[in-house]
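*Asks:* Quick one: structure below, then a few questions.
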Amino acid sequence: MALTDAQLEKLFVDGEFLTKKEFESVKTVAENKHIPVTDAVVELGLLSELQALSLIAEEQGFRFVDLTKERIDPTVLFLIPERVARARNAVAYKKTEDGVWVAMVDTNNYEFIALLQKSFNAPVQVVQTTHAGVGHALKGYQKDLLDQARLLVARMAKKPDEQDVVKLINLLVEAAYRGAASDIHIEPEEDDVVVRFRVHGDLREALRYPKESHDKVVFRIKILSRLRTDEHAQAQDGRFEMKYPDARVNLRVSILPITHGENIVMRLLSEGFSRLRLEDLGLLDDDLEKVKRAAQLPYGMIVVVGPTGSGQTTTLYAMLNILNQPDVNIITVEDPVEYSIRGIRQIQVNPSTNLTFEMGLRSILRQDPDIVMVGEIRDPQTAGIAVNAALTGHLLLTTLHTNDSATAFPRLFDMHVEPFLIASSVNVIIAQRLVRRVCSNCLESYAPGKDLQEALRSDPAMFQLVQRMSGEDKIENLRLYHGKGCSVCHNTGFTGRLGIFEILQVTEELRPLIVDKASSDDIRKQSVAAGMRTMVEDGILKVFKGLTTLEEIIRVTKV
């Protein structure tokens with residue numbers, strides 16, 4: 001039986017792991033976010049998941065197992081199908097005379113345990129583990145997929161077969177999806193072809209296959225993407241879909257002729273990403289509230305800015321998810337449509353039929369929309385229509401490519417939009433970058449080394465911010481955090497990414513500056529004076545919370 005809040009309070013507070021005040025804060029967060037108390041303890045950083053769950057396991061009489069340090073028997077692992085293991089956060093990891101040992105996050109799921117016992121026709125020994133432990137074990141499924149792909153490649157080298165090519169592509173896509181990759185790169189080189197997966201921003205080699213098989217691989221991907229199979233000298237873009245029992249994955253395909261053949265990059269767009277919440281992006285509480293308030297306004301513009309690949313589209317989709325209600329009409333015009341969202345009308349830009357952002361937006365406004373999303377403002381015509389739409393009773397979401405929030409205004413000035421219209425229509429500018437998230441499984445504190453000290457001293461502005469926000473004058477006395485490397489993060493010290501943000505609200509004090517076409521520096525100063533936290537400050541706060549590293553903030557904020 002799950003522990004009650006009173007029992008958890010007794011465990012954490014009486015055991016002197018938390019103070020009474022800290023536990024009250026935990027309960028408030030749990031109630032407000034509708035999450036278990038244990039998750040709230042971890043989210044607030046008061047205990048690690050490993051600490052919290054091991055305490056609960058001991059209290060309930062379960063053995064606790066850290067799966068990241070256990071040898072997992074692959075023959076036992078596959079006793080539970082992967083989709084079931086993922087859905088239930090449960091992994092079979094060894095078999096003894098006592099039965100099959102199953103590590104679970106929720107050890108109170110008695111119905112599932114009974115089903116496993118019936119399926120195994122053997123006793124089930126239940127132990128407690130963490131989400132990180134289950135995540136580590138689940139990589140065994142992906143490793144098996146890549147091992148199968150390598151065996152297939154070896155067979156293809158001896159006796160090429162078209163069906164083997166079909167199987168190879170299926171295995172690569174599923175392995176990339178199971179391994180949380182965002183992109184698959186298939187890159188012909190002089191002697192062979194290298195396949196790399198981009199995971200959490202980093203490219204990692206998955207396998208290589210003979211150059212002789214590459215034409216067949218390209219042909220198969222072109223067939224799936226409905227591209228011209230006889231075209232080898234021009235770039236082509238397409239998409240196709242793969243379905244699995246637990247998910248549907250869309251792949252956006254780009255094929256480009258290079259020196260040694262046709263280079264392929266496939267972006268994986270899982271339907272799960274389209275259900276992302278704003279809370280999942282890394283916004284701190286006060287910034288999250290600002291964005292939510294702006295998204296609830298009946299009209300005006302919300303503009304998300306940043307360089308290519310900084311997650312603007314994901315932020316727009318997260319906002320659309322909270323706005324997508326039965327009583328509103330939402331229409332988007334995108335290039336490309338990355339995620340399909342039920343209940344929203346989405347338009348794909350197609351220049352060959354004159355369906356540009358400008359023409360699409362003009363047509364949308366005749367469809368009685370309440371909320372409009374324009375994938376990107378690229379030209380003066382689209383900018384003008386968007387601003388007018390925001391002034392005439394529509395909430396309009398869009399992106400611009402600028403380095404920070406304040407430079408979005410000069411960018412709109414350059415597109416010949418009247419300053420008074422910008423001042424009246426824009427509600428919020430969200431500037432963002434993506435940084436790697438420190439692995440919580442191997443998180444440790446450290447003092448900055450000589451290289452980091454030198455990097456800080458060479459950037460006086462950053463140095464002063466770190467000093468002010470840490471309250472520490474001497475760099476060598478700072479306590480920072482990084483991941484030391486473990487099996488969960490493939491010894492990288494990082495798992496996943498999160499955003500660093502600056503949220504510029506257009507206030508009554510700021511509007512005269514915009515009307516007067518003030519410089520971005522003046523707009524920034526006024527916004528900071530009004531309480532805006534800069535992107536670098538947001539990043540440094542996340543450094544001190546142990547979410548990312550100072551090196552990451554320095555890397556992504558250098559313009």
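Every chain in the structure tokens has a letter given in the order shown (A, B, ...), and although residue numbers restart at 1 in each chain, ligands are simply numbered from 1 in the order shown.
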Contacts of segment 368-377 of chain A at 10 Å or less, counting only C-alpha atoms, minus same-chain residues fewer than 6 places along, as a PDB file with N, CA, C and O atoms, in the first residue's frame?
*Replies:*
ATOM      1  N   ALA A 295      -0.217  34.178 -22.738  1.00  0.00           N
ATOM      2  CA  ALA A 295      -0.939  33.229 -23.595  1.00  0.00           C
ATOM      3  C   ALA A 295      -2.442  33.277 -23.368  1.00  0.00           C
ATOM      4  O   ALA A 295      -3.214  32.839 -24.229  1.00  0.00           O
ATOM      5  N   PRO A 298      -6.551  37.884 -24.931  1.00  0.00           N
ATOM      6  CA  PRO A 298      -7.395  37.606 -26.098  1.00  0.00           C
ATOM      7  C   PRO A 298      -6.795  38.067 -27.423  1.00  0.00           C
ATOM      8  O   PRO A 298      -7.222  37.619 -28.482  1.00  0.00           O
ATOM      9  N   TYR A 299      -5.842  38.986 -27.380  1.00  0.00           N
ATOM     10  CA  TYR A 299      -5.236  39.474 -28.624  1.00  0.00           C
ATOM     11  C   TYR A 299      -3.825  39.956 -28.344  1.00  0.00           C
ATOM     12  O   TYR A 299      -3.382  40.056 -27.199  1.00  0.00           O
ATOM     13  N   GLY A 300      -3.093  40.269 -29.418  1.00  0.00           N
ATOM     14  CA  GLY A 300      -1.708  40.705 -29.299  1.00  0.00           C
ATOM     15  C   GLY A 300      -0.756  39.639 -29.810  1.00  0.00           C
ATOM     16  O   GLY A 300      -1.166  38.547 -30.219  1.00  0.00           O
ATOM     17  N   MET A 301       0.536  39.959 -29.801  1.00  0.00           N
ATOM     18  CA  MET A 301       1.552  39.049 -30.328  1.00  0.00           C
ATOM     19  C   MET A 301       2.449  38.506 -29.229  1.00  0.00           C
ATOM     20  O   MET A 301       2.854  39.240 -28.320  1.00  0.00           O
ATOM     21  N   ILE A 302       2.762  37.232 -29.331  1.00  0.00           N
ATOM     22  CA  ILE A 302       3.824  36.611 -28.537  1.00  0.00           C
ATOM     23  C   ILE A 302       4.888  36.175 -29.537  1.00  0.00           C
ATOM     24  O   ILE A 302       4.606  35.383 -30.442  1.00  0.00           O
ATOM     25  N   VAL A 303       6.091  36.703 -29.394  1.00  0.00           N
ATOM     26  CA  VAL A 303       7.163  36.429 -30.351  1.00  0.00           C
ATOM     27  C   VAL A 303       8.275  35.661 -29.636  1.00  0.00           C
ATOM     28  O   VAL A 303       8.779  36.110 -28.598  1.00  0.00           O
ATOM     29  N   VAL A 304       8.644  34.502 -30.192  1.00  0.00           N
ATOM     30  CA  VAL A 304       9.730  33.698 -29.630  1.00  0.00           C
ATOM     31  C   VAL A 304      10.948  33.880 -30.529  1.00  0.00           C
ATOM     32  O   VAL A 304      10.853  33.693 -31.746  1.00  0.00           O
ATOM     33  N   VAL A 305      12.079  34.270 -29.939  1.00  0.00           N
ATOM     34  CA  VAL A 305      13.268  34.579 -30.746  1.00  0.00           C
ATOM     35  C   VAL A 305      14.452  33.736 -30.294  1.00  0.00           C
ATOM     36  O   VAL A 305      14.519  33.265 -29.169  1.00  0.00           O
ATOM     37  N   GLN A 312      12.539  27.237 -30.524  1.00  0.00           N
ATOM     38  CA  GLN A 312      11.392  28.161 -30.580  1.00  0.00           C
ATOM     39  C   GLN A 312      10.095  27.441 -30.947  1.00  0.00           C
ATOM     40  O   GLN A 312       9.036  27.713 -30.361  1.00  0.00           O
ATOM     41  N   THR A 313      10.169  26.533 -31.921  1.00  0.00           N
ATOM     42  CA  THR A 313       8.956  25.840 -32.359  1.00  0.00           C
ATOM     43  C   THR A 313       8.370  25.008 -31.233  1.00  0.00           C
ATOM     44  O   THR A 313       7.151  24.954 -31.042  1.00  0.00           O
ATOM     45  N   LEU A 316       6.424  27.255 -28.998  1.00  0.00           N
ATOM     46  CA  LEU A 316       5.134  27.609 -29.595  1.00  0.00           C
ATOM     47  C   LEU A 316       4.128  26.469 -29.434  1.00  0.00           C
ATOM     48  O   LEU A 316       2.963  26.688 -29.082  1.00  0.00           O
ATOM     49  N   TYR A 317       4.571  25.235 -29.690  1.00  0.00           N
ATOM     50  CA  TYR A 317       3.664  24.095 -29.560  1.00  0.00           C
ATOM     51  C   TYR A 317       3.215  23.898 -28.120  1.00  0.00           C
ATOM     52  O   TYR A 317       2.068  23.516 -27.856  1.00  0.00           O
ATOM     53  N   LEU A 320       0.503  26.306 -27.627  1.00  0.00           N
ATOM     54  CA  LEU A 320      -0.707  25.872 -28.326  1.00  0.00           C
ATOM     55  C   LEU A 320      -1.428  24.776 -27.536  1.00  0.00           C
ATOM     56  O   LEU A 320      -2.661  24.709 -27.538  1.00  0.00           O
ATOM     57  N   LEU A 323      -3.613  26.335 -25.057  1.00  0.00           N
ATOM     58  CA  LEU A 323      -4.652  27.168 -25.679  1.00  0.00           C
ATOM     59  C   LEU A 323      -5.680  26.338 -26.442  1.00  0.00           C
ATOM     60  O   LEU A 323      -6.767  26.826 -26.756  1.00  0.00           O
ATOM     61  N   ASN A 324      -5.334  25.089 -26.742  1.00  0.00           N
ATOM     62  CA  ASN A 324      -6.170  24.239 -27.587  1.00  0.00           C
ATOM     63  C   ASN A 324      -7.399  23.751 -26.819  1.00  0.00           C
ATOM     64  O   ASN A 324      -7.366  22.712 -26.154  1.00  0.00           O
ATOM     65  N   ASP A 327     -13.627  25.556 -27.503  1.00  0.00           N
ATOM     66  CA  ASP A 327     -14.367  26.778 -27.834  1.00  0.00           C
ATOM     67  C   ASP A 327     -13.536  27.812 -28.581  1.00  0.00           C
ATOM     68  O   ASP A 327     -13.947  28.963 -28.719  1.00  0.00           O
ATOM     69  N   VAL A 328     -12.332  27.434 -29.056  1.00  0.00           N
ATOM     70  CA  VAL A 328     -11.524  28.383 -29.835  1.00  0.00           C
ATOM     71  C   VAL A 328     -11.134  27.767 -31.174  1.00  0.00           C
ATOM     72  O   VAL A 328     -11.035  26.542 -31.310  1.00  0.00           O
ATOM     73  N   ASN A 329     -10.933  28.634 -32.149  1.00  0.00           N
ATOM     74  CA  ASN A 329     -10.499  28.200 -33.482  1.00  0.00           C
ATOM     75  C   ASN A 329      -9.033  28.588 -33.648  1.00  0.00           C
ATOM     76  O   ASN A 329      -8.692  29.770 -33.693  1.00  0.00           O
ATOM     77  N   ILE A 330      -8.158  27.577 -33.716  1.00  0.00           N
ATOM     78  CA  ILE A 330      -6.719  27.810 -33.861  1.00  0.00           C
ATOM     79  C   ILE A 330      -6.280  27.332 -35.237  1.00  0.00           C
ATOM     80  O   ILE A 330      -6.561  26.200 -35.633  1.00  0.00           O
ATOM     81  N   ILE A 331      -5.582  28.210 -35.964  1.00  0.00           N
ATOM     82  CA  ILE A 331      -5.058  27.857 -37.291  1.00  0.00           C
ATOM     83  C   ILE A 331      -3.586  28.244 -37.337  1.00  0.00           C
ATOM     84  O   ILE A 331      -3.190  29.301 -36.826  1.00  0.00           O
ATOM     85  N   THR A 332      -2.772  27.387 -37.934  1.00  0.00           N
ATOM     86  CA  THR A 332      -1.340  27.680 -38.052  1.00  0.00           C
ATOM     87  C   THR A 332      -0.912  27.658 -39.511  1.00  0.00           C
ATOM     88  O   THR A 332      -1.527  26.977 -40.341  1.00  0.00           O
ATOM     89  N   VAL A 333       0.159  28.392 -39.817  1.00  0.00           N
ATOM     90  CA  VAL A 333       0.819  28.289 -41.119  1.00  0.00           C
ATOM     91  C   VAL A 333       2.298  28.075 -40.820  1.00  0.00           C
ATOM     92  O   VAL A 333       2.929  28.883 -40.134  1.00  0.00           O
ATOM     93  N   GLU A 334       2.840  26.943 -41.291  1.00  0.00           N
ATOM     94  CA  GLU A 334       4.167  26.507 -40.872  1.00  0.00           C
ATOM     95  C   GLU A 334       4.996  26.010 -42.053  1.00  0.00           C
ATOM     96  O   GLU A 334       4.460  25.619 -43.082  1.00  0.00           O
ATOM     97  N   ASP A 335       6.302  26.005 -41.862  1.00  0.00           N
ATOM     98  CA  ASP A 335       7.216  25.485 -42.882  1.00  0.00           C
ATOM     99  C   ASP A 335       8.418  24.826 -42.182  1.00  0.00           C
ATOM    100  O   ASP A 335       9.389  25.489 -41.861  1.00  0.00           O
ATOM    101  N   PRO A 336       8.343  23.511 -41.952  1.00  0.00           N
ATOM    102  CA  PRO A 336       7.238  22.603 -42.241  1.00  0.00           C
ATOM    103  C   PRO A 336       6.313  22.473 -41.031  1.00  0.00           C
ATOM    104  O   PRO A 336       6.610  22.992 -39.961  1.00  0.00           O
ATOM    105  N   VAL A 337       5.204  21.714 -41.214  1.00  0.00           N
ATOM    106  CA  VAL A 337       4.364  21.335 -40.077  1.00  0.00           C
ATOM    107  C   VAL A 337       5.107  20.209 -39.357  1.00  0.00           C
ATOM    108  O   VAL A 337       5.233  19.107 -39.875  1.00  0.00           O
ATOM    109  N   ILE A 344      -6.498  21.347 -34.149  1.00  0.00           N
ATOM    110  CA  ILE A 344      -5.904  22.574 -34.704  1.00  0.00           C
ATOM    111  C   ILE A 344      -5.766  22.404 -36.216  1.00  0.00           C
ATOM    112  O   ILE A 344      -5.307  21.366 -36.703  1.00  0.00           O
ATOM    113  N   ARG A 345      -6.171  23.426 -36.959  1.00  0.00           N
ATOM    114  CA  ARG A 345      -6.028  23.418 -38.413  1.00  0.00           C
ATOM    115  C   ARG A 345      -4.625  23.907 -38.759  1.00  0.00           C
ATOM    116  O   ARG A 345      -4.254  25.028 -38.416  1.00  0.00           O
ATOM    117  N   GLN A 346      -3.833  23.058 -39.454  1.00  0.00           N
ATOM    118  CA  GLN A 346      -2.438  23.388 -39.745  1.00  0.00           C
ATOM    119  C   GLN A 346      -2.197  23.440 -41.257  1.00  0.00           C
ATOM    120  O   GLN A 346      -2.594  22.533 -41.983  1.00  0.00           O
ATOM    121  N   ILE A 347      -1.541  24.494 -41.690  1.00  0.00           N
ATOM    122  CA  ILE A 347      -1.277  24.717 -43.117  1.00  0.00           C
ATOM    123  C   ILE A 347       0.221  24.591 -43.373  1.00  0.00           C
ATOM    124  O   ILE A 347       1.036  25.182 -42.662  1.00  0.00           O
ATOM    125  N   GLN A 348       0.577  23.816 -44.390  1.00  0.00           N
ATOM    126  CA  GLN A 348       1.970  23.653 -44.794  1.00  0.00           C
ATOM    127  C   GLN A 348       2.297  24.658 -45.904  1.00  0.00           C
ATOM    128  O   GLN A 348       1.617  24.703 -46.937  1.00  0.00           O
ATOM    129  N   VAL A 349       3.324  25.477 -45.687  1.00  0.00           N
ATOM    130  CA  VAL A 349       3.770  26.415 -46.720  1.00  0.00           C
ATOM    131  C   VAL A 349       4.217  25.632 -47.954  1.00  0.00           C
ATOM    132  O   VAL A 349       4.882  24.596 -47.849  1.00  0.00           O
ATOM    133  N   PHE A 357       4.022  32.166 -46.483  1.00  0.00           N
ATOM    134  CA  PHE A 357       3.559  32.628 -45.169  1.00  0.00           C
ATOM    135  C   PHE A 357       2.584  33.788 -45.333  1.00  0.00           C
ATOM    136  O   PHE A 357       1.542  33.861 -44.672  1.00  0.00           O
ATOM    137  N   GLU A 358       2.920  34.710 -46.262  1.00  0.00           N
ATOM    138  CA  GLU A 358       2.056  35.881 -46.465  1.00  0.00           C
ATOM    139  C   GLU A 358       0.668  35.474 -46.950  1.00  0.00           C
ATOM    140  O   GLU A 358      -0.353  35.874 -46.374  1.00  0.00           O
ATOM    141  N   GLY A 360      -0.715  32.466 -46.913  1.00  0.00           N
ATOM    142  CA  GLY A 360      -1.374  31.608 -45.937  1.00  0.00           C
ATOM    143  C   GLY A 360      -2.003  32.409 -44.814  1.00  0.00           C
ATOM    144  O   GLY A 360      -3.138  32.140 -44.397  1.00  0.00           O
ATOM    145  N   LEU A 361      -1.284  33.432 -44.344  1.00  0.00           N
ATOM    146  CA  LEU A 361      -1.813  34.259 -43.262  1.00  0.00           C
ATOM    147  C   LEU A 361      -3.019  35.070 -43.724  1.00  0.00           C
ATOM    148  O   LEU A 361      -4.010  35.213 -42.990  1.00  0.00           O
ATOM    149  N   ALA A 383       5.087  40.322 -41.819  1.00  0.00           N
ATOM    150  CA  ALA A 383       5.167  41.085 -40.569  1.00  0.00           C
ATOM    151  C   ALA A 383       4.006  42.064 -40.456  1.00  0.00           C
ATOM    152  O   ALA A 383       3.355  42.182 -39.407  1.00  0.00           O
ATOM    153  N   GLY A 384       3.701  42.775 -41.555  1.00  0.00           N
ATOM    154  CA  GLY A 384       2.616  43.757 -41.540  1.00  0.00           C
ATOM    155  C   GLY A 384       1.265  43.115 -41.282  1.00  0.00           C
ATOM    156  O   GLY A 384       0.463  43.620 -40.479  1.00  0.00           O
ATOM    157  N   ALA A 386       0.715  40.207 -39.838  1.00  0.00           N
ATOM    158  CA  ALA A 386       0.706  39.638 -38.492  1.00  0.00           C
ATOM    159  C   ALA A 386       0.395  40.701 -37.447  1.00  0.00           C
ATOM    160  O   ALA A 386      -0.426  40.485 -36.543  1.00  0.00           O
ATOM    161  N   ALA A 389      -3.208  41.670 -37.641  1.00  0.00           N
ATOM    162  CA  ALA A 389      -4.059  40.606 -37.100  1.00  0.00           C
ATOM    163  C   ALA A 389      -4.082  40.669 -35.572  1.00  0.00           C
ATOM    164  O   ALA A 389      -5.128  40.503 -34.936  1.00  0.00           O
ATOM    165  N   ALA A 390      -2.910  40.930 -34.984  1.00  0.00           N
ATOM    166  CA  ALA A 390      -2.818  41.009 -33.521  1.00  0.00           C
ATOM    167  C   ALA A 390      -3.575  42.213 -32.972  1.00  0.00           C
ATOM    168  O   ALA A 390      -4.003  42.206 -31.815  1.00  0.00           O
ATOM    169  N   GLY A 393      -8.076  41.694 -32.741  1.00  0.00           N
ATOM    170  CA  GLY A 393      -8.789  40.689 -31.967  1.00  0.00           C
ATOM    171  C   GLY A 393      -8.276  39.281 -32.061  1.00  0.00           C
ATOM    172  O   GLY A 393      -8.983  38.345 -31.709  1.00  0.00           O
ATOM    173  N   HIS A 394      -7.044  39.089 -32.548  1.00  0.00           N
ATOM    174  CA  HIS A 394      -6.475  37.742 -32.634  1.00  0.00           C
ATOM    175  C   HIS A 394      -5.235  37.653 -31.747  1.00  0.00           C
ATOM    176  O   HIS A 394      -4.453  38.599 -31.678  1.00  0.00           O
ATOM    177  N   LEU A 395      -5.055  36.502 -31.099  1.00  0.00           N
ATOM    178  CA  LEU A 395      -3.792  36.217 -30.428  1.00  0.00           C
ATOM    179  C   LEU A 395      -2.889  35.554 -31.460  1.00  0.00           C
ATOM    180  O   LEU A 395      -3.264  34.539 -32.054  1.00  0.00           O
ATOM    181  N   LEU A 396      -1.716  36.146 -31.693  1.00  0.00           N
ATOM    182  CA  LEU A 396      -0.828  35.655 -32.745  1.00  0.00           C
ATOM    183  C   LEU A 396       0.507  35.228 -32.147  1.00  0.00           C
ATOM    184  O   LEU A 396       1.156  35.993 -31.431  1.00  0.00           O
ATOM    185  N   LEU A 397       0.891  33.989 -32.423  1.00  0.00           N
ATOM    186  CA  LEU A 397       2.169  33.434 -31.956  1.00  0.00           C
ATOM    187  C   LEU A 397       3.100  33.283 -33.144  1.00  0.00           C
ATOM    188  O   LEU A 397       2.686  32.819 -34.210  1.00  0.00           O
ATOM    189  N   THR A 398       4.364  33.657 -32.975  1.00  0.00           N
ATOM    190  CA  THR A 398       5.291  33.554 -34.097  1.00  0.00           C
ATOM    191  C   THR A 398       6.730  33.520 -33.606  1.00  0.00           C
ATOM    192  O   THR A 398       6.989  33.636 -32.387  1.00  0.00           O
ATOM    193  N   THR A 399       7.678  33.354 -34.544  1.00  0.00           N
ATOM    194  CA  THR A 399       9.102  33.382 -34.208  1.00  0.00           C
ATOM    195  C   THR A 399       9.839  34.368 -35.110  1.00  0.00           C
ATOM    196  O   THR A 399       9.393  34.688 -36.214  1.00  0.00           O
ATOM    197  N   LEU A 400      10.972  34.834 -34.591  1.00  0.00           N
ATOM    198  CA  LEU A 400      11.916  35.664 -35.348  1.00  0.00           C
ATOM    199  C   LEU A 400      13.314  35.149 -35.052  1.00  0.00           C
ATOM    200  O   LEU A 400      13.570  34.625 -33.963  1.00  0.00           O
ATOM    201  N   HIS A 401      14.226  35.336 -35.985  1.00  0.00           N
ATOM    202  CA  HIS A 401      15.620  34.962 -35.729  1.00  0.00           C
ATOM    203  C   HIS A 401      16.394  36.194 -35.291  1.00  0.00           C
ATOM    204  O   HIS A 401      16.879  36.971 -36.111  1.00  0.00           O
ATOM    205  N   LEU A 412      11.928  44.167 -36.452  1.00  0.00           N
ATOM    206  CA  LEU A 412      10.607  44.517 -36.984  1.00  0.00           C
ATOM    207  C   LEU A 412      10.621  45.894 -37.634  1.00  0.00           C
ATOM    208  O   LEU A 412       9.941  46.121 -38.643  1.00  0.00           O
ATOM    209  N   MET A 415      11.718  45.639 -41.051  1.00  0.00           N
ATOM    210  CA  MET A 415      10.705  45.083 -41.943  1.00  0.00           C
ATOM    211  C   MET A 415       9.616  46.110 -42.258  1.00  0.00           C
ATOM    212  O   MET A 415       8.546  45.761 -42.764  1.00  0.00           O
TER     213      MET A 415
END
*Asks:* DSSP on the backbone, strand (DSSP E) only: what residues of segment 152-283 of chain A does that give? Format it as a PyMOL selection string.
*Replies:* chain A and resi 181-188+192-199+202-210+236-244+247-258+261-270
*Asks:* Got a sec: who's within 12 Å of Gly61 of chain A, counting only C-alpha atoms, leaving out chain neighbours fewer than 4 positions off, as a VMD selection string?
*Replies:* chain A and resid 1 to 3 53 to 57 107 to 108 126 to 128
*Asks:* Since we have the selection now, will you write its residues out, keeping N, CA and C atoms, as a short mmCIF file (atom, residue, chain, number, x, y, z; two decimals), in the first residue's frame?
*Replies:*
data_model
loop_
_atom_site.label_atom_id
_atom_site.label_comp_id
_atom_site.auth_asym_id
_atom_site.auth_seq_id
_atom_site.Cartn_x
_atom_site.Cartn_y
_atom_site.Cartn_z
N MET A 1 0.85 -1.20 0.00
CA MET A 1 0.00 0.00 0.00
C MET A 1 0.88 1.24 0.00
N ALA A 2 0.51 2.25 -0.81
CA ALA A 2 1.29 3.48 -0.89
C ALA A 2 1.24 4.21 0.45
N LEU A 3 2.34 4.88 0.78
CA LEU A 3 2.40 5.65 2.02
C LEU A 3 1.53 6.89 1.92
N LEU A 53 13.39 7.53 -2.87
CA LEU A 53 12.79 6.21 -3.11
C LEU A 53 13.46 5.11 -2.29
N SER A 54 14.74 5.24 -2.01
CA SER A 54 15.39 4.23 -1.18
C SER A 54 14.86 4.29 0.26
N LEU A 55 14.56 5.50 0.74
CA LEU A 55 13.95 5.65 2.07
C LEU A 55 12.55 5.02 2.11
N ILE A 56 11.77 5.30 1.04
CA ILE A 56 10.41 4.76 0.98
C ILE A 56 10.44 3.23 0.87
N ALA A 57 11.38 2.71 0.08
CA ALA A 57 11.51 1.25 -0.06
C ALA A 57 11.80 0.60 1.28
N THR A 107 6.00 0.38 -6.66
CA THR A 107 5.94 -0.99 -6.16
C THR A 107 4.56 -1.36 -5.65
N ASN A 108 3.61 -0.43 -5.73
CA ASN A 108 2.25 -0.69 -5.23
C ASN A 108 1.29 -1.12 -6.33
N VAL A 126 9.78 -8.34 -6.34
CA VAL A 126 9.68 -6.91 -6.65
C VAL A 126 10.69 -6.13 -5.83
N VAL A 127 11.44 -5.24 -6.50
CA VAL A 127 12.36 -4.33 -5.81
C VAL A 127 12.06 -2.90 -6.27
N GLN A 128 12.45 -1.94 -5.46
CA GLN A 128 12.23 -0.53 -5.79
C GLN A 128 13.42 0.01 -6.56
#
*Asks:* Using only C-alpha atoms, find the one residue out of A:Val265, A:Glu43, A:Asn170, A:Ser424 that sits nearest to His185 of chain A.
*Replies:*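 Looking at the shortest contact to His185 of chain A, the residue is A:Val265.
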*Asks:* Can you work out which one of A:Val194, A:Asp215, A:Val249, A:Pro380 has the shortest atom-to-atom distance to Ala181 of chain A, counting only C-alpha atoms?
*Replies:*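 Ranking A:Val194, A:Asp215, A:Val249, A:Pro380 by distance to Ala181 of chain A, first place goes to A:Val249.
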